[in-house]
>>> print(open('query.txt').read())   # compact mmCIF, C-alpha atoms
# COMPACT_ATOMS: atom_id res chain seq x y z
CA MET A 89 -25.89 2.10 13.29
CA ARG A 90 -27.18 2.90 9.85
CA GLY A 91 -24.79 2.88 6.92
CA LEU A 92 -24.31 5.41 4.15
CA SER A 93 -22.80 4.52 0.80
CA ILE A 94 -22.01 7.46 -1.46
CA SER A 95 -20.00 8.11 -4.58
CA LEU A 96 -17.74 11.11 -4.96
CA PHE A 97 -18.46 11.37 -8.67
CA SER A 98 -21.88 11.74 -10.31
CA THR A 99 -21.14 8.97 -12.80
CA ARG A 100 -21.16 6.36 -10.06
CA VAL A 101 -24.13 4.53 -8.60
CA VAL A 102 -25.33 5.51 -5.15
CA ALA A 103 -26.53 2.61 -3.03
CA ALA A 104 -27.26 1.92 0.62
CA PHE A 105 -26.38 -1.25 2.48
CA VAL A 106 -26.02 -2.68 5.95
CA LEU A 107 -22.90 -4.65 6.84
CA PRO A 108 -23.37 -8.02 8.55
CA GLY A 109 -22.46 -8.24 12.21
CA ARG A 110 -18.81 -8.72 13.13
CA LYS A 111 -19.53 -12.12 14.69
CA SER A 112 -21.01 -13.51 11.48
CA VAL A 113 -18.17 -12.07 9.39
CA PHE A 114 -15.47 -13.54 11.63
CA ALA A 115 -17.27 -16.89 11.84
CA ARG A 116 -17.27 -17.19 8.06
CA SER A 117 -13.63 -16.17 7.83
CA LEU A 118 -12.56 -18.69 10.47
CA ALA A 119 -14.49 -21.42 8.66
CA MET A 120 -12.75 -20.60 5.38
CA SER A 121 -9.36 -20.70 7.11
CA ALA A 122 -10.17 -24.05 8.70
CA GLU A 123 -11.19 -25.45 5.33
CA GLY A 124 -7.85 -24.45 3.83
CA GLU A 125 -9.25 -21.94 1.34
CA ILE A 126 -6.79 -19.24 2.31
CA LYS A 127 -3.28 -19.02 3.70
CA ALA A 128 -1.86 -16.21 5.81
CA SER A 129 1.69 -14.96 6.21
CA ARG A 130 3.21 -12.40 8.56
CA GLY A 131 4.45 -9.11 7.12
CA ASP A 132 3.28 -6.86 4.31
CA GLY A 133 5.43 -8.55 1.67
CA GLN A 134 7.91 -5.67 1.41
CA GLY A 135 9.67 -5.79 4.75
CA GLY A 136 7.02 -4.05 6.83
CA ASP A 137 4.71 -5.38 9.52
CA GLY A 138 1.27 -6.65 8.59
CA THR A 139 -0.55 -9.68 7.20
CA VAL A 140 -0.94 -11.08 3.70
CA LEU A 141 -3.79 -13.43 2.80
CA LEU A 142 -3.59 -15.52 -0.36
CA PRO A 143 -5.71 -18.18 -2.04
CA GLN A 144 -4.41 -21.57 -0.99
CA ASN A 145 -2.96 -22.24 -4.47
CA GLY A 146 -1.08 -18.93 -4.42
CA GLN A 147 -2.73 -17.75 -7.64
CA TYR A 148 -4.51 -14.39 -7.73
CA ASP A 149 -5.62 -11.83 -10.31
CA SER A 150 -6.52 -8.87 -8.10
CA VAL A 151 -5.34 -7.19 -4.91
CA VAL A 152 -7.06 -5.45 -2.02
CA LEU A 153 -4.95 -3.20 0.20
CA TRP A 154 -6.62 -2.56 3.55
CA MET A 155 -5.37 0.02 6.05
CA HIS A 156 -6.53 -0.14 9.67
CA GLY A 157 -7.51 2.71 11.95
CA LEU A 158 -5.51 4.54 14.62
CA GLY A 159 -4.12 2.28 17.32
CA ASP A 160 -5.15 -0.91 15.54
CA SER A 161 -3.15 -3.36 13.43
CA ALA A 162 -3.59 -5.75 10.54
CA ASN A 163 -4.78 -8.33 13.07
CA GLY A 164 -7.89 -6.25 13.71
CA TRP A 165 -9.15 -6.66 10.14
CA ALA A 166 -7.48 -9.75 8.66
CA PRO A 167 -10.14 -12.13 10.04
CA ALA A 168 -12.86 -10.25 8.14
CA MET A 169 -11.27 -10.30 4.69
CA PRO A 170 -12.15 -13.87 3.62
CA ALA A 171 -15.83 -13.15 4.20
CA LEU A 172 -15.74 -10.76 1.25
CA ASN A 173 -15.76 -13.94 -0.86
CA LEU A 174 -13.11 -12.92 -3.37
CA PRO A 175 -11.46 -16.29 -4.05
CA THR A 176 -8.85 -15.04 -6.54
CA THR A 177 -7.81 -11.95 -4.59
CA LYS A 178 -4.70 -11.26 -2.54
CA PHE A 179 -5.28 -9.18 0.58
CA ILE A 180 -2.44 -7.02 1.87
CA LEU A 181 -3.02 -5.55 5.31
CA PRO A 182 -0.06 -3.44 6.42
CA THR A 183 0.31 -2.42 10.05
CA ALA A 184 1.27 1.21 10.57
CA GLU A 185 4.46 2.03 12.45
CA ASP A 186 4.21 3.36 15.99
CA THR A 187 4.08 7.14 15.93
CA PRO A 188 3.44 9.81 18.59
CA ILE A 189 -0.16 11.05 18.37
CA THR A 190 -0.56 14.62 19.55
CA ILE A 191 -4.26 14.44 20.48
CA ASN A 192 -3.47 11.42 22.66
CA GLY A 193 -0.88 13.28 24.67
CA GLY A 194 1.99 12.20 22.44
CA MET A 195 1.45 8.51 23.18
CA GLU A 196 2.99 6.25 20.57
CA MET A 197 0.67 3.85 18.76
CA PRO A 198 0.20 2.44 15.27
CA GLY A 199 -0.80 5.41 13.13
CA TRP A 200 -0.54 6.42 9.49
CA PHE A 201 -0.05 10.08 10.43
CA ASP A 202 -0.21 12.34 13.45
CA LEU A 203 -3.47 13.97 14.53
CA TYR A 204 -3.15 17.44 16.00
CA GLY A 205 -6.83 17.97 16.77
CA LEU A 206 -10.41 17.07 15.88
CA ASP A 207 -11.41 20.50 14.67
CA PRO A 208 -11.70 21.21 10.93
CA SER A 209 -9.22 24.05 11.37
CA SER A 210 -6.56 21.82 12.97
CA PRO A 211 -3.29 21.51 11.03
CA GLU A 212 -2.61 18.22 9.26
CA ASP A 213 0.48 16.04 9.22
CA VAL A 214 1.63 16.45 5.62
CA ALA A 215 4.94 14.70 6.25
CA GLY A 216 3.12 11.76 7.82
CA PHE A 217 0.88 11.42 4.79
CA GLU A 218 3.86 11.51 2.47
CA LYS A 219 5.68 8.81 4.44
CA SER A 220 2.68 6.49 4.58
CA THR A 221 1.81 7.13 0.94
CA ALA A 222 5.33 6.11 -0.06
CA ARG A 223 4.92 2.84 1.83
CA ILE A 224 1.54 2.06 0.27
CA MET A 225 2.85 2.91 -3.18
CA ALA A 226 5.79 0.54 -2.67
CA LEU A 227 3.29 -2.25 -2.01
CA ILE A 228 1.26 -1.26 -5.07
CA ASN A 229 4.30 -0.98 -7.31
CA ALA A 230 5.50 -4.43 -6.29
CA GLU A 231 2.17 -5.91 -7.37
CA VAL A 232 2.11 -3.99 -10.66
CA GLN A 233 5.64 -5.10 -11.45
CA GLY A 234 4.55 -8.65 -10.66
CA GLY A 235 1.85 -8.50 -13.32
CA ILE A 236 -1.26 -7.16 -11.54
CA PRO A 237 -2.43 -3.96 -13.31
CA ALA A 238 -3.34 -0.94 -11.21
CA SER A 239 -6.89 -1.32 -12.52
CA ARG A 240 -7.10 -4.59 -10.54
CA ILE A 241 -5.92 -3.09 -7.26
CA ALA A 242 -8.36 -1.63 -4.72
CA VAL A 243 -7.12 0.75 -2.02
CA CYS A 244 -9.28 0.59 1.09
CA GLY A 245 -9.27 1.47 4.75
CA PHE A 246 -11.10 2.29 7.96
CA SER A 247 -10.99 5.61 9.81
CA GLN A 248 -7.40 6.89 9.60
CA GLY A 249 -6.68 4.15 7.07
CA GLY A 250 -9.68 5.23 5.02
CA ALA A 251 -8.39 8.80 4.95
CA LEU A 252 -5.09 7.48 3.63
CA ALA A 253 -6.93 5.38 1.01
CA LEU A 254 -8.73 8.47 -0.27
CA HIS A 255 -5.46 10.39 -0.30
CA VAL A 256 -3.67 7.74 -2.37
CA GLY A 257 -6.55 6.97 -4.71
CA LEU A 258 -7.72 10.47 -5.57
CA ARG A 259 -4.26 11.72 -6.37
CA GLY A 260 -3.91 9.14 -9.12
CA LEU A 261 -0.63 7.83 -7.82
CA ALA A 262 -0.90 4.81 -10.09
CA ALA A 263 0.84 7.12 -12.56
CA GLY A 264 4.03 6.48 -10.63
CA SER A 265 3.85 2.71 -10.88
CA GLY A 266 6.45 2.40 -13.61
CA SER A 267 4.18 -0.04 -15.42
CA GLY A 268 3.29 2.04 -18.44
CA GLU A 269 -0.14 2.63 -16.91
CA GLY A 270 0.37 6.28 -16.10
CA GLY A 271 -2.89 8.13 -15.57
CA LYS A 272 -5.04 5.04 -15.11
CA SER A 273 -7.05 4.76 -11.94
CA PHE A 274 -7.12 1.96 -9.44
CA ALA A 275 -9.93 -0.59 -9.38
CA GLY A 276 -11.52 1.51 -6.67
CA VAL A 277 -11.26 3.07 -3.23
CA ALA A 278 -13.29 2.14 -0.17
CA ALA A 279 -13.26 4.49 2.81
CA LEU A 280 -15.17 3.47 5.94
CA SER A 281 -15.76 6.02 8.72
CA ALA A 282 -13.19 8.27 7.11
CA TRP A 283 -12.69 11.79 5.82
CA LEU A 284 -10.87 13.54 3.00
CA PRO A 285 -7.51 14.78 4.32
CA LEU A 286 -5.73 17.91 3.08
CA ARG A 287 -9.07 19.05 1.66
CA ASP A 288 -7.82 22.54 0.81
CA THR A 289 -5.58 21.04 -1.90
CA TYR A 290 -8.60 19.89 -3.95
CA PRO A 291 -9.66 19.90 -6.71
CA GLY A 292 -6.15 20.83 -7.83
CA ALA A 293 -4.67 17.69 -6.25
CA LEU A 294 -6.92 15.29 -8.19
CA GLY A 295 -4.83 12.90 -10.25
CA PRO A 296 -5.28 12.06 -13.92
CA GLY A 297 -7.36 8.95 -13.20
CA ALA A 298 -9.59 10.41 -10.47
CA ALA A 299 -12.62 11.12 -12.66
CA GLU A 300 -13.00 7.41 -13.48
CA LEU A 301 -12.19 6.13 -10.00
CA PRO A 302 -15.05 4.19 -8.32
CA ILE A 303 -15.31 5.19 -4.67
CA LEU A 304 -17.33 3.59 -1.90
CA GLN A 305 -17.68 5.82 1.14
CA CYS A 306 -19.55 4.45 4.17
CA HIS A 307 -20.18 6.25 7.44
CA GLY A 308 -22.41 5.52 10.41
CA ASP A 309 -24.57 8.47 11.43
CA ALA A 310 -23.94 7.68 15.11
CA ASP A 311 -20.13 7.54 14.79
CA GLN A 312 -18.69 8.98 18.00
CA VAL A 313 -15.06 9.05 16.83
CA VAL A 314 -15.04 10.38 13.27
CA ASN A 315 -18.02 12.69 13.09
CA TYR A 316 -20.60 11.82 10.43
CA ALA A 317 -20.42 15.43 9.25
CA TRP A 318 -16.78 14.92 8.30
CA GLY A 319 -17.64 12.06 5.98
CA LYS A 320 -20.60 13.88 4.44
CA GLY A 321 -18.58 17.05 4.10
CA SER A 322 -15.89 15.13 2.23
CA PHE A 323 -18.52 13.84 -0.19
CA LEU A 324 -19.98 17.29 -0.75
CA LEU A 325 -16.56 18.76 -1.39
CA LEU A 326 -15.84 16.35 -4.23
CA ALA A 327 -19.33 15.70 -5.59
>>> encode(input="query.txt", output="structure tokens")
Amino acid sequence: MRGLSISLFSTRVVAAFVLPGRKSVFARSLAMSAEGEIKASRGDGQGGDGTVLLPQNGQYDSVVLWMHGLGDSANGWAPAMPALNLPTTKFILPTAEDTPITINGGMEMPGWFDLYGLDPSSPEDVAGFEKSTARIMALINAEVQGGIPASRIAVCGFSQGGALALHVGLRGLAAGSGSGEGGKSFAGVAALSAWLPLRDTYPGALGPGAAELPILQCHGDADQVVNYAWGKGSFLLLA
């Protein structure tokens, strides 16, 4: 499946890349764990479920927040993080709470928000976004208060988690960090196989740091779950 890397702002570089296979990524991560380069702990660090990965010495100068897709958990992505080769980075992978998902017949599963349909005209779960955004911001605020500036925090995710990452990053919510950094953007946003939620609220919803926010958006053109057109349409809306 080919990859597409695009920037939502014309000041950013556009580049294409192909991700290594999952087996090679996991093999590298397992090797790093075996060699004692990283240490993992259960939980998101603020009382929620998830996984936190730290350098073995506990010292870090940057943070990556990674949100999984619908029905998944932190366990689905934690093994891949060490392969990014960021030796002084803390990885926080929260697991979403179980929530009823309308398009799946109301079945409860880990989800950042409800999904009412797969049509562009389907309503969106505003309350669900607000709840999940509050949780992600609590994680971010804890890091900022601990000495990591918002400009050293990347907000990333896959599928539903990528949609949430775009939502948090573009609205410039670092302004609410209480760190004196109001209006500054995050280090960046990465959204894989995702889409821009609540699109009708833009450009008015763009936060004060959005124009300087680096964004990496990747989408396979054979994606059978989140249509490629959704990802490209999100790019065109904000380009």
>>> closest_residue(input="query.txt", among="A:Ile236, A:Leu286, A:Leu206, A:Ile303", to="Asn315 in chain A", atoms="all atoms listed in the file")
A:Leu206
>>> closest_residue(input="query.txt", among="A:Leu324, A:Cys244, A:Ile189, A:Ile126", to="Pro167 in chain A", atoms="all atoms listed in the file")
A:Ile126
>>> closest_residue(input="query.txt", among="A:Gly157, A:Gly321, A:Pro211, A:Gly250", to="Ala279 in chain A", atoms="only C-alpha atoms")
A:Gly250
>>> residues_around(input="query.txt", residues="Gly276 in chain A", least_positions_apart="6", cutoff="12 Å", atoms="only C-alpha atoms", output="CSV table (one decimal) with C-alpha atoms, in the frame of the given file")
chain,number,residue,atom,x,y,z
A,95,SER,CA,-20.0,8.1,-4.6
A,96,LEU,CA,-17.7,11.1,-5.0
A,100,ARG,CA,-21.2,6.4,-10.1
A,150,SER,CA,-6.5,-8.9,-8.1
A,151,VAL,CA,-5.3,-7.2,-4.9
A,152,VAL,CA,-7.1,-5.4,-2.0
A,153,LEU,CA,-5.0,-3.2,0.2
A,238,ALA,CA,-3.3,-0.9,-11.2
A,239,SER,CA,-6.9,-1.3,-12.5
A,240,ARG,CA,-7.1,-4.6,-10.5
A,241,ILE,CA,-5.9,-3.1,-7.3
A,242,ALA,CA,-8.4,-1.6,-4.7
A,243,VAL,CA,-7.1,0.8,-2.0
A,244,CYS,CA,-9.3,0.6,1.1
A,245,GLY,CA,-9.3,1.5,4.8
A,253,ALA,CA,-6.9,5.4,1.0
A,254,LEU,CA,-8.7,8.5,-0.3
A,256,VAL,CA,-3.7,7.7,-2.4
A,257,GLY,CA,-6.6,7.0,-4.7
A,258,LEU,CA,-7.7,10.5,-5.6
A,260,GLY,CA,-3.9,9.1,-9.1
A,262,ALA,CA,-0.9,4.8,-10.1
A,297,GLY,CA,-7.4,9.0,-13.2
A,298,ALA,CA,-9.6,10.4,-10.5
A,299,ALA,CA,-12.6,11.1,-12.7
A,300,GLU,CA,-13.0,7.4,-13.5
A,301,LEU,CA,-12.2,6.1,-10.0
A,302,PRO,CA,-15.0,4.2,-8.3
A,303,ILE,CA,-15.3,5.2,-4.7
A,304,LEU,CA,-17.3,3.6,-1.9
A,305,GLN,CA,-17.7,5.8,1.1
>>> atom_distance(input="query.txt", atom1="CA of Val314 in chain A", atom2="CA of Ser273 in chain A")
27.0 Å
>>> closest_residue(input="query.txt", among="A:Ala171, A:Leu158, A:Leu203, A:Ala226", to="Glu185 in chain A", atoms="only C-alpha atoms")
A:Leu158
>>> atom_distance(input="query.txt", atom1="CA of Ala251 in chain A", atom2="CA of Gly135 in chain A")
23.2 Å
>>> residues_around(input="query.txt", residues="Thr176 in chain A", least_positions_apart="4", cutoff="7 Å", atoms="all atoms listed in the file", output="NGL selection string")
:A and (143 or 147-150)
>>> atom_distance(input="query.txt", atom1="CA of Pro237 in chain A", atom2="CA of Arg259 in chain A")
17.2 Å
>>> residues_around(input="query.txt", residues="Ile228 in chain A", least_positions_apart="3", cutoff="8 Å", atoms="only C-alpha atoms", output="PyMOL selection string")
chain A and resi 224-225+231-232+238+241+265
>>> write_last_selection(input="query.txt", atoms="C-alpha atoms", output="PDB file, in the coordinates of the input")
ATOM      1  CA  ILE A 224       1.540   2.060   0.270  1.00  0.00           C
ATOM      2  CA  MET A 225       2.850   2.910  -3.180  1.00  0.00           C
ATOM      3  CA  GLU A 231       2.170  -5.910  -7.370  1.00  0.00           C
ATOM      4  CA  VAL A 232       2.110  -3.990 -10.660  1.00  0.00           C
ATOM      5  CA  ALA A 238      -3.340  -0.940 -11.210  1.00  0.00           C
ATOM      6  CA  ILE A 241      -5.920  -3.090  -7.260  1.00  0.00           C
ATOM      7  CA  SER A 265       3.850   2.710 -10.880  1.00  0.00           C
TER       8      SER A 265
END
>>> closest_residue(input="query.txt", among="A:Gly308, A:Gly234, A:Gly292, A:Pro285", to="Pro208 in chain A", atoms="all atoms listed in the file")
A:Pro285
>>> residues_around(input="query.txt", residues="Tyr204 in chain A", least_positions_apart="3", cutoff="10 Å", atoms="all atoms listed in the file", output="ChimeraX atom specification")
/A:189-194,201,207,210-213
>>> residues_around(input="query.txt", residues="Met155 in chain A", least_positions_apart="4", cutoff="12 Å", atoms="all atoms listed in the file", output="PyMOL selection string")
chain A and resi 132+137-139+159-166+169+179-185+198-200+220-221+223-224+242-254+256+277-280+282
>>> write_last_selection(input="query.txt", atoms="C-alpha atoms", output="PDB file, keeping the file's coordinate frame")
ATOM      1  CA  ASP A 132       3.280  -6.860   4.310  1.00  0.00           C
ATOM      2  CA  ASP A 137       4.710  -5.380   9.520  1.00  0.00           C
ATOM      3  CA  GLY A 138       1.270  -6.650   8.590  1.00  0.00           C
ATOM      4  CA  THR A 139      -0.550  -9.680   7.200  1.00  0.00           C
ATOM      5  CA  GLY A 159      -4.120   2.280  17.320  1.00  0.00           C
ATOM      6  CA  ASP A 160      -5.150  -0.910  15.540  1.00  0.00           C
ATOM      7  CA  SER A 161      -3.150  -3.360  13.430  1.00  0.00           C
ATOM      8  CA  ALA A 162      -3.590  -5.750  10.540  1.00  0.00           C
ATOM      9  CA  ASN A 163      -4.780  -8.330  13.070  1.00  0.00           C
ATOM     10  CA  GLY A 164      -7.890  -6.250  13.710  1.00  0.00           C
ATOM     11  CA  TRP A 165      -9.150  -6.660  10.140  1.00  0.00           C
ATOM     12  CA  ALA A 166      -7.480  -9.750   8.660  1.00  0.00           C
ATOM     13  CA  MET A 169     -11.270 -10.300   4.690  1.00  0.00           C
ATOM     14  CA  PHE A 179      -5.280  -9.180   0.580  1.00  0.00           C
ATOM     15  CA  ILE A 180      -2.440  -7.020   1.870  1.00  0.00           C
ATOM     16  CA  LEU A 181      -3.020  -5.550   5.310  1.00  0.00           C
ATOM     17  CA  PRO A 182      -0.060  -3.440   6.420  1.00  0.00           C
ATOM     18  CA  THR A 183       0.310  -2.420  10.050  1.00  0.00           C
ATOM     19  CA  ALA A 184       1.270   1.210  10.570  1.00  0.00           C
ATOM     20  CA  GLU A 185       4.460   2.030  12.450  1.00  0.00           C
ATOM     21  CA  PRO A 198       0.200   2.440  15.270  1.00  0.00           C
ATOM     22  CA  GLY A 199      -0.800   5.410  13.130  1.00  0.00           C
ATOM     23  CA  TRP A 200      -0.540   6.420   9.490  1.00  0.00           C
ATOM     24  CA  SER A 220       2.680   6.490   4.580  1.00  0.00           C
ATOM     25  CA  THR A 221       1.810   7.130   0.940  1.00  0.00           C
ATOM     26  CA  ARG A 223       4.920   2.840   1.830  1.00  0.00           C
ATOM     27  CA  ILE A 224       1.540   2.060   0.270  1.00  0.00           C
ATOM     28  CA  ALA A 242      -8.360  -1.630  -4.720  1.00  0.00           C
ATOM     29  CA  VAL A 243      -7.120   0.750  -2.020  1.00  0.00           C
ATOM     30  CA  CYS A 244      -9.280   0.590   1.090  1.00  0.00           C
ATOM     31  CA  GLY A 245      -9.270   1.470   4.750  1.00  0.00           C
ATOM     32  CA  PHE A 246     -11.100   2.290   7.960  1.00  0.00           C
ATOM     33  CA  SER A 247     -10.990   5.610   9.810  1.00  0.00           C
ATOM     34  CA  GLN A 248      -7.400   6.890   9.600  1.00  0.00           C
ATOM     35  CA  GLY A 249      -6.680   4.150   7.070  1.00  0.00           C
ATOM     36  CA  GLY A 250      -9.680   5.230   5.020  1.00  0.00           C
ATOM     37  CA  ALA A 251      -8.390   8.800   4.950  1.00  0.00           C
ATOM     38  CA  LEU A 252      -5.090   7.480   3.630  1.00  0.00           C
ATOM     39  CA  ALA A 253      -6.930   5.380   1.010  1.00  0.00           C
ATOM     40  CA  LEU A 254      -8.730   8.470  -0.270  1.00  0.00           C
ATOM     41  CA  VAL A 256      -3.670   7.740  -2.370  1.00  0.00           C
ATOM     42  CA  VAL A 277     -11.260   3.070  -3.230  1.00  0.00           C
ATOM     43  CA  ALA A 278     -13.290   2.140  -0.170  1.00  0.00           C
ATOM     44  CA  ALA A 279     -13.260   4.490   2.810  1.00  0.00           C
ATOM     45  CA  LEU A 280     -15.170   3.470   5.940  1.00  0.00           C
ATOM     46  CA  ALA A 282     -13.190   8.270   7.110  1.00  0.00           C
TER      47      ALA A 282
END
>>> closest_residue(input="query.txt", among="A:Leu284, A:Leu142, A:Leu174, A:Met195", to="Ala317 in chain A", atoms="all atoms listed in the file")
A:Leu284
